[in-house]
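Asker: Next up is a structure, given as structure tokens.
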Amino acid sequence: MSDKALAAPALFRLPPSLRIALRELQGGLRGFYVFIACIALGVMTIASVGSFARGLAEGLAHEGRIILGGDISFSLIQREATPAERAFVANYGVTTATATLRAMARSPEAQHSRNAAEKSSPGATDGAVAPAGKTTALVEIKAIDDAYPLYGPLVTEPAGSPATLLAKHGDVFDAIVDPAMMARLNLKLGSRFSIGAAQFEIRAMLTSEPDKIAGGIAFGPRLFISQDALRATDLLQPGSLVRWTYRVRLPASAGSEAAVQAAIDASRKAFPSAGWEIRTRSNVSPQLERSIEQFTQYLTLVGLTALLVGGVGIANSVKYYLDRKRDVIATLKSMGATGTRIFVIYFTEILLLALVGSVGGLLLGAALPFAVSGAFGAIVPLPFVPAIFPGQLALALAYGMLTAIAFALWPLGRAHDVPVSALFRGEVAPGRGMPRRRYVVATLGAIAALAAFAVAAAYDRRIALIFIAAAAAAFLLLHLVAKLLMVIARRVPRPRSTIVRLAISNIYRPGALTPTVVLSLGLGLGLLVMVLEIDGNLRRQFVAALPARAPSFYFVDIQAADVDRFDAFVHQRAPGATLERVPMLRGRIASAHGVSAEDLKPRPDAVWVLQSDRGLTYTDQVPAGSRVVAGEWWSPNYSGPPLVSFDKRIAEGLGLKLGDNITVNVLGRDISARISNLRNIDWQSLGINFIMVFSPATFRGAPAMHLATLTYSDGGTAAEENAMLEAAASAFPAITVVRVKDAIEAVGGLVGKLVTGVRGASVVTLLAAALVLGGALAAGHRHRVYDAVILKTLGASRRQLIAAYALEYLLLGFATAIFGVAVGSLGAWRVVIDIMTLRFEWLAAPAAGAALCALAVTLLCGLIGTFTALGRKPAPLLRNL
Amino acid sequence: MNDTSGVYRVPAVAMSGVDLSLGRGPSRVHILKSIDLTIGRGEAVGLVGPSGSGKSTLLMVMAGLERADAGSIMVAGEDVGRLDEDALARFRGRHVGIVFQSFHLIPTMTALENVAVPLELAGIPEAFERAEHELAAVGLADRRTHYPAELSGGEQQRAALARALAPHPAILVADEPTGNLDEETGRHIIDLLFAGHIEHGTTLVLVTHDPSLARRCDRVVRLRSGRIEEALTPP
């Protein structure tokens with residue numbers, strides 16, 4: 001803006017402080033690039049994360065009926081709907097029924113190799129049988145009817161309707177198969193395979209199914225068969241882990257939300273004990289929505305961390321700017337400007353600059369989802385609709401402005417008291433001392449507002465509060481570390497070496513870089529270490545090493561009649577291994593202490609327990625891997641009213657205590673039990689454990705299937721496991737064998753994707769930290785050049801100066817690295833233990849690597865500045881100083 | 001040009017044919033033009049002349065803070081023009097003490113540290129003891145832990161003088177050392193400056209606008225437009 005423009009009449013009508021602020025900003029944004037970049041980065045992250053999340057939510061809502069596969073779905077575990085229930089559902093519109101379950105598919109070779117082995121060595125088929133586990137595969141069966149799908153297309157190659165692609169020829173049923181299964185079993189179109197007692201022929205390959213997302217994590221490839229085929233497998237036994245889902249397409253004339261709600265209300269009234277899980281097109285997958293909300297919160301917190309780290313840069317920029325403006329401020333004061341007027345002028349400038357940064361961040365943040373959708377839309381398996389979401393952008397803007405205000409108020413407050421004598425004297429310690437009380441109060445108010453805002457906007461307020469406490473602790477700790485470093489450096493006996501003395505005294509001098517470097521480097525490194533430690537622990541949990549005593553297999557759906565034969569089979573084939581077997585049922589919590597599940601207000605970390613059916617068991621022994629921490633375990637021969645043992649964390653999350661009654665719906669019947677004890681469960685042993693364990697008499701006579709685990713004493717080799725997999729699948733076609741390592745891999749794949757997301761967002765924070773560090777060093781550069789020139793004038797060689805500065809940065813970097821690693825490790829420890837509820841193991845290598853990187857970056861950034869300072873000729877500077 | 005060698009037989013400074021231009025392109029200014037100047041050991045020389053005549057630049061060249069475009073410069077027996085940046089720094093540390101009009105103390109160091117720095121850089125083990133002694137000699141013993149901003153202008157200049165004299169340089173150059181001080185304080189500084197010069201036999205080269213101060217020197221060299229106009233020996 002030119003002087004002429006500023007002198008325009010319109011501008012004269014602006015308040016004088018704003019006029020002066022605008023005039024001051026005419027000098028350009030020099031010295032504010034870090035300030036603007038810090039705000040822009042944080043705002044961009046929060047805006048893009050928010051926009052992504054809303055885009056996903058909108059996508060889910062928009063595509064809800066396709067993802068759900070209908071307008072309403074009623075799903076039952078372990079049982080089919082009764083004719084009355086089916087008739088009720090059919091009353092609302094066109095319906096489709098699907099059955100989903102896991103099972104073992106076997107290629108023709110499986111049978112051949114078994115026969116061959118039995119011929120060559122009768123009675124000893126174990127051990128040497130399997131050709132590397134390629135003859136059996138765990139598959140996710142979906143048995144459909146002719147009406148499927150109600151919404152969206154089932155895409156196959158070759159194309160065709162379910163009726164034509166899933167026909168029966170003689171004794172053989174057609175199947176639509178995921179190519180992954182074909183690859184695993186070395187099959188092609190037209191190949192045959194068997195499941196349970198039924199034979200199948202591959203008629204088509206699956207390209208996409210419309211309602212895949214609602215299915216959750218798949219442990220195996222999808223297989224479409226007809227319901228007649230499913231019945232022919234003989235897998236449908238009482239208590240089998242099969243989920244029946246009945247979906248309804250409402251007629252267009254009765255498709256309103258009110259009609260949907262009316263149908264749900266009517267279903268609950270007509271069948272209060274059905275125990276079905278009801279979903280609607282606007283409530284497709286509460287678990288997925290919950291995951292998205294949680295993930296959004298984590299990423300928002302990462303964005304907020306970026307803003308907080310950037311806050312240090314903001315405070316630095318403002319401080320150094322005001323340092324440079326001391327003469328201007330003193331001059332203004334000498335001409336009659338009050339301290340308050342000075343504050344208002346510069347506060348206005350900072351607000352304008354914060355707005356520039358925020359708007360830049362908003363533009364980038366709003367554009368990012370479009371760019372990502374354009375680039376990767378086709379490969380993201382979620383219905384994402386990029387759009388501009390003003391609410392999310394406003395939230396990000398508010399975060400950005402509040403952060404800027406919170407961090408700028410303190411140095412701005414000090415400007416109030418810049419003395420006019422600053423014109424005549426240099427400065428001892430730029431920006432020392434507390435500002436006036438009103439600015440201290442305003443700063444605290446802004447910080448409180450920022451914290452309140454973060455909590456209010458959080459999905460899980462507990463986590464937001466933990467974050468705020470952790471951030472405050474990290475700031476305080478690093479501030480104290482900086483002070484401590486300066487005190488120690490001051491007290492160190494004067495070293496004989498000039499270089500060492502210069503380096504050490506640079507650490508505690510007035511205006512030293514110590515507080516800034518410690519804070520920015522410490523926060524950046526702390527975050528890096530935290531992310532790496534969490535990352536490493538997650539990987540260790542899901543990808544790398546399994547617990548030492550982790551089972552090799554889960555055997556699911558063992559019929560009660562088969563248990564003795566199954567036990568004998570396993571003991572014969574794996575004599576040294578440990579077999580654990582328990583009866584298992586599935587049930588939904590219908591009510592707790594008299595309040596129906598729909599009306600319970602659980603803690604966010606316990607919501608999932610109510611959202612679907614849960615596995616449950618009954619026993620007279622405390623299950624291995626869990627410990628009673630409250631109440632008493634029932635006596636071995638207890639046969640009184642039903643008792644239940646509950647997982648302590650979940651009980652607390654649901655607001656349950658000892659003596660409370662809960663009702664679970666199992667196989668369509670409501671069963672009430674009193675909570676007699678609470679357990680702490682070690683979920684990571686991967687052994688069999690259930691949130692709810694009932695006293696044995698509770699389910700007497702119920703058709704429970706059994707669940708078993710097999711643990712090899714040496715952890716199990718791939719050959720041992722493959723042999724057992726093949727043999728068990730062959731000997732017990734109805735039993736589903738889940739290899740733990742495969743399941744862990746499936747979960748690990750998902751975790752890997754989430755970790756990648758967190759890493760991506762963390763990069764932004766690290767970038768902010770690097771910016772702050774670079775900015776701080778650059779701001780200190782002016783003093784460095786002056787010092788270097790004077791020292792050179794007094795006889796210092798470049799080598800001496802470089803050595804002194806390098807030593808200073810090394811000392812600073814090293815001390816900060818220790819505390820950065822400590823802060824990050826502490827943070828990771830609490831996150832892994834409290835939020836992820838996993839076991840924490842400190843990993844030295846990534847922490848050391850991060851610390852070394854931080855040290856190198858500090859040294860590099862510092863020395864780049866030093867080299868330019870040393871390259872300056874003294875005379876021109878001495879002339880101008 | 002006049003050869004202005006004085007009565008001193010072994011020169012502390014010997015400059016001949018020194019030329020220097022600063023700036024680039026159209027703004028390039030020819031500041032020193034064919035300067036020949038010899039200053040004997042222990043001699044006190046006042047450089048005078050109007051603003052822009054090249055006095056301070058000549059001082060900078062002499063102290064190795066500015067490189068001449070042409071000519072030879074021998075200071076304390078060293079060919080300054082042949083020294084690289086680091087050698088120049090070491091040369092200054094050994095042989096040259098500098099006092100600036102604007103003091104140029106390092107603001108983040110105490111008075112004592114400021115005085116000790118050149119001694120430390122020269123590798124003198126008892127740097128701080130000597131620095132304390134030098135500070136006491138200029139009357140600042142009780143101000144040694146103060147930072148420059150906590151000192152008055154006169155005190156800052158005294159500290160700067162102590163710093164310049166501490167390594168016992170062969171040559172002491174002072175660029176209008178009283179320019180920022182009141183008359184009384186300025187006189188005190190000059191007394192200290194000359195006391196140091198006499199006590200250590202240091203060669204003193206002084207840029208000044210003050211005729212009375214110039215008269216205290218053994219010789220006065222007048223510059224005009226980058227040339228030595230005349231050299232006078234005060235009565």
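In the structure tokens, each chain is lettered A, B, ... as it comes, each chain's residues begin at 1, and ligands are numbered from 1 in order of appearance.
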Write out as a VMD selection string the residues lying within 9 Å of segment 85-98 of chain B, counting only C-alpha atoms and excluding same-chain residues fewer than 6 positions away.
Answerer: (chain A and resid 791 to 799) or (chain B and resid 63 to 65 75 to 76 78 118 to 119 121 to 122 160 to 161 163 to 175)
Asker: When DSSP is applied to the backbone of this structure, which of segment 43-226 of chain B are assigned alpha helix (DSSP H)? Write them out as JSON, numbers by chain.
Answerer: {"B": [55, 56, 57, 58, 59, 60, 61, 62, 85, 86, 87, 88, 89, 90, 91, 92, 93, 94, 95, 111, 112, 113, 114, 115, 116, 117, 118, 119, 120, 121, 127, 128, 129, 130, 131, 132, 133, 134, 135, 136, 137, 153, 154, 155, 156, 157, 158, 159, 160, 161, 162, 163, 164, 165, 183, 184, 185, 186, 187, 188, 189, 190, 191, 192, 193, 194, 195, 196, 197, 198, 199, 200, 211, 212, 213, 214, 215]}
Asker: Expressed in Å to a single decimal, how great is the separation between atom CA of Gly186 of chain B and atom CA of Val45 of chain B?
Answerer: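 The value is 18.0 Å.
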Asker: If you run DSSP over the backbone, which residues in segment 96-199 of chain B end up strand (DSSP E)? Put them as an MDAnalysis selection string.
Answerer: chainID B and resid 96:99 171:175
Asker: Keeping only C-alpha atoms, write the selected residues to a file as a short mmCIF file (atom, residue, chain, number, x, y, z; two decimals), in the first residue's frame.
Answerer:
data_model
loop_
_atom_site.label_atom_id
_atom_site.label_comp_id
_atom_site.auth_asym_id
_atom_site.auth_seq_id
_atom_site.Cartn_x
_atom_site.Cartn_y
_atom_site.Cartn_z
CA VAL B 96 45.98 -3.77 16.99
CA GLY B 97 43.63 -2.32 19.57
CA ILE B 98 40.56 -0.52 18.26
CA VAL B 99 38.29 2.04 19.91
CA ILE B 171 49.15 0.03 17.57
CA LEU B 172 46.00 1.57 18.98
CA VAL B 173 43.50 3.05 16.54
CA ALA B 174 40.62 5.19 17.76
CA ASP B 175 37.81 6.44 15.54
#
Asker: I'd like the contact shell of Gln101 of chain B - 7 Å cut-off, only C-alpha atoms, skipping same-chain residues fewer than 3 positions apart - returned as a list in words.
Answerer: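 Residues meeting the cut-off are Asp175, Glu176, Pro177, Thr178, Gly179 and Asn180 of chain B.
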Asker: B:Val220, B:Ser102, B:His209, B:Val117: which is nearest Gln157 of chain B, counting only C-alpha atoms?
Answerer: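 The shortest atom-to-atom distance to Gln157 of chain B comes from B:Ser102.
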Asker: Just how far from atom CA of Ala743 of chain A is atom CA of Arg102 of chain A, in Å to one decimal?
Answerer: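 These two atoms are separated by 12.4 Å.
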Asker: Restricting the calculation to only C-alpha atoms: of A:Ala449, A:Ala415, A:Leu771, A:Val242, which residue gets closest to Thr338 of chain A?
Answerer: A:Ala415
